[in-house]
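**Student:** This is the structure, below, for whatever I ask next.
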Amino acid sequence: EYETVPEFVDGAVYRSLEDAVAAANAVESLTSKDTIELVSNITLTDDVTVPCNIIVPAEKEITIDLNEQVLDMGAKKITNNGTLTVTSDTTDGKIEGTANQMISNNSTLTLENGSIVSTGYGAVRISTNTEFIMNGGYLEGSVGIQASGGTITINQGTVQSNYEYRNSSRGAIVASSANVVITIGEEEATDDTVLIDGGKAHVVAGPLILGAGVA
């Protein structure tokens, strides 16, 4: 398992995210260009606070196993340009922080389990020609999912807004384009497997497909 910090450690390769973070913390003055680039799967073994942005490259398929630990991004974010899967045994495994988007998805993102929580603006942002699949877990932010394009499929899990005054720009799901396709709930679901809470889904334009088992 390796992560690289190509912007400020001359492309050095580290055997764990913790080692890469330690190298980043040793840099006297980080800039907005300094990043940790994930080049293979990682499994957290303890809580980790990351001092810089994380990037998944376009050609990579990466799994982040939170393993019941907390990945504290602070004001930084994860940008996915490849294929990223986030998982954990339960929702106690968490990615948290204050960024406007905890995960900015430019390709394919899957949440199998675990929590993604932003006390800034949004937990997950997707754009045109991207895909977000939620098979379980928990999302929370002023906006749980912010979409200006792309496809959202929520099979199981909870998406919640923590913003007190919900409106068309604050809510569990905010879709601002006719290019957004949202499917919520598996057709074969028999109970409340999906919970959309806190402003429900604000769809400015575009199709919203509701399956069974949606609360």
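Residues in the structure tokens are named by chain (A, B, ... in the order shown) and by number from 1 within that chain; ligands are numbered from 1 in the order shown.
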Using only C-alpha atoms, find each residue in region 44-108 of chain A having at least one atom no more than 9 Å away from region 127-138 of chain A; report its shortest atom-to-atom pair and that distance in Å (one decimal), rows by chain then rising number, as a Markdown table.
**Tutor:**
| residue | atom | partner | partner_atom | distance |
| --- | --- | --- | --- | --- |
| A:Thr87 | CA | A:Gly137 | CA | 8.2 |
| A:Ser88 | CA | A:Gly137 | CA | 8.6 |
| A:Thr90 | CA | A:Gly137 | CA | 7.4 |
| A:Thr91 | CA | A:Gly137 | CA | 5.7 |
| A:Ser104 | CA | A:Ser127 | CA | 8.7 |
| A:Asn105 | CA | A:Thr130 | CA | 7.1 |
| A:Asn106 | CA | A:Thr130 | CA | 5.8 |
| A:Ser107 | CA | A:Thr130 | CA | 4.7 |
| A:Thr108 | CA | A:Glu131 | CA | 4.8 |
**Student:** Looking only at the backbone, which of the residues in region 57-173 of chain A does DSSP tag as strand (DSSP E or B), as an MDAnalysis selection string?
**Tutor:** chainID A and resid 61:65 70:72 78:80 83:87 94:97 101:105 108:111 115:118 122:126 131:134 138:141 143:147 150:154 157:161 167 170:173
**Student:** What gap, in Å, lies between CA of Ala26 (chain A) and CA of Cys52 (chain A)?
**Tutor:**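 It comes out at 12.1 Å.
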**Student:** Would you work out the distance separating CA of Gly144 (chain A) from CA of Ser40 (chain A), expressed in Å to one decimal?
**Tutor:**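 Computing it gives 27.1 Å between the two atoms.
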**Student:** Rank A:Ile116, A:Met102, A:Ile182, A:Leu71 by their smallest atom-to-atom distance to Ser148 (chain A), using only C-alpha atoms, and report the top residue only.
**Tutor:**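 The answer is A:Ile182, which sits nearest to Ser148 (chain A).
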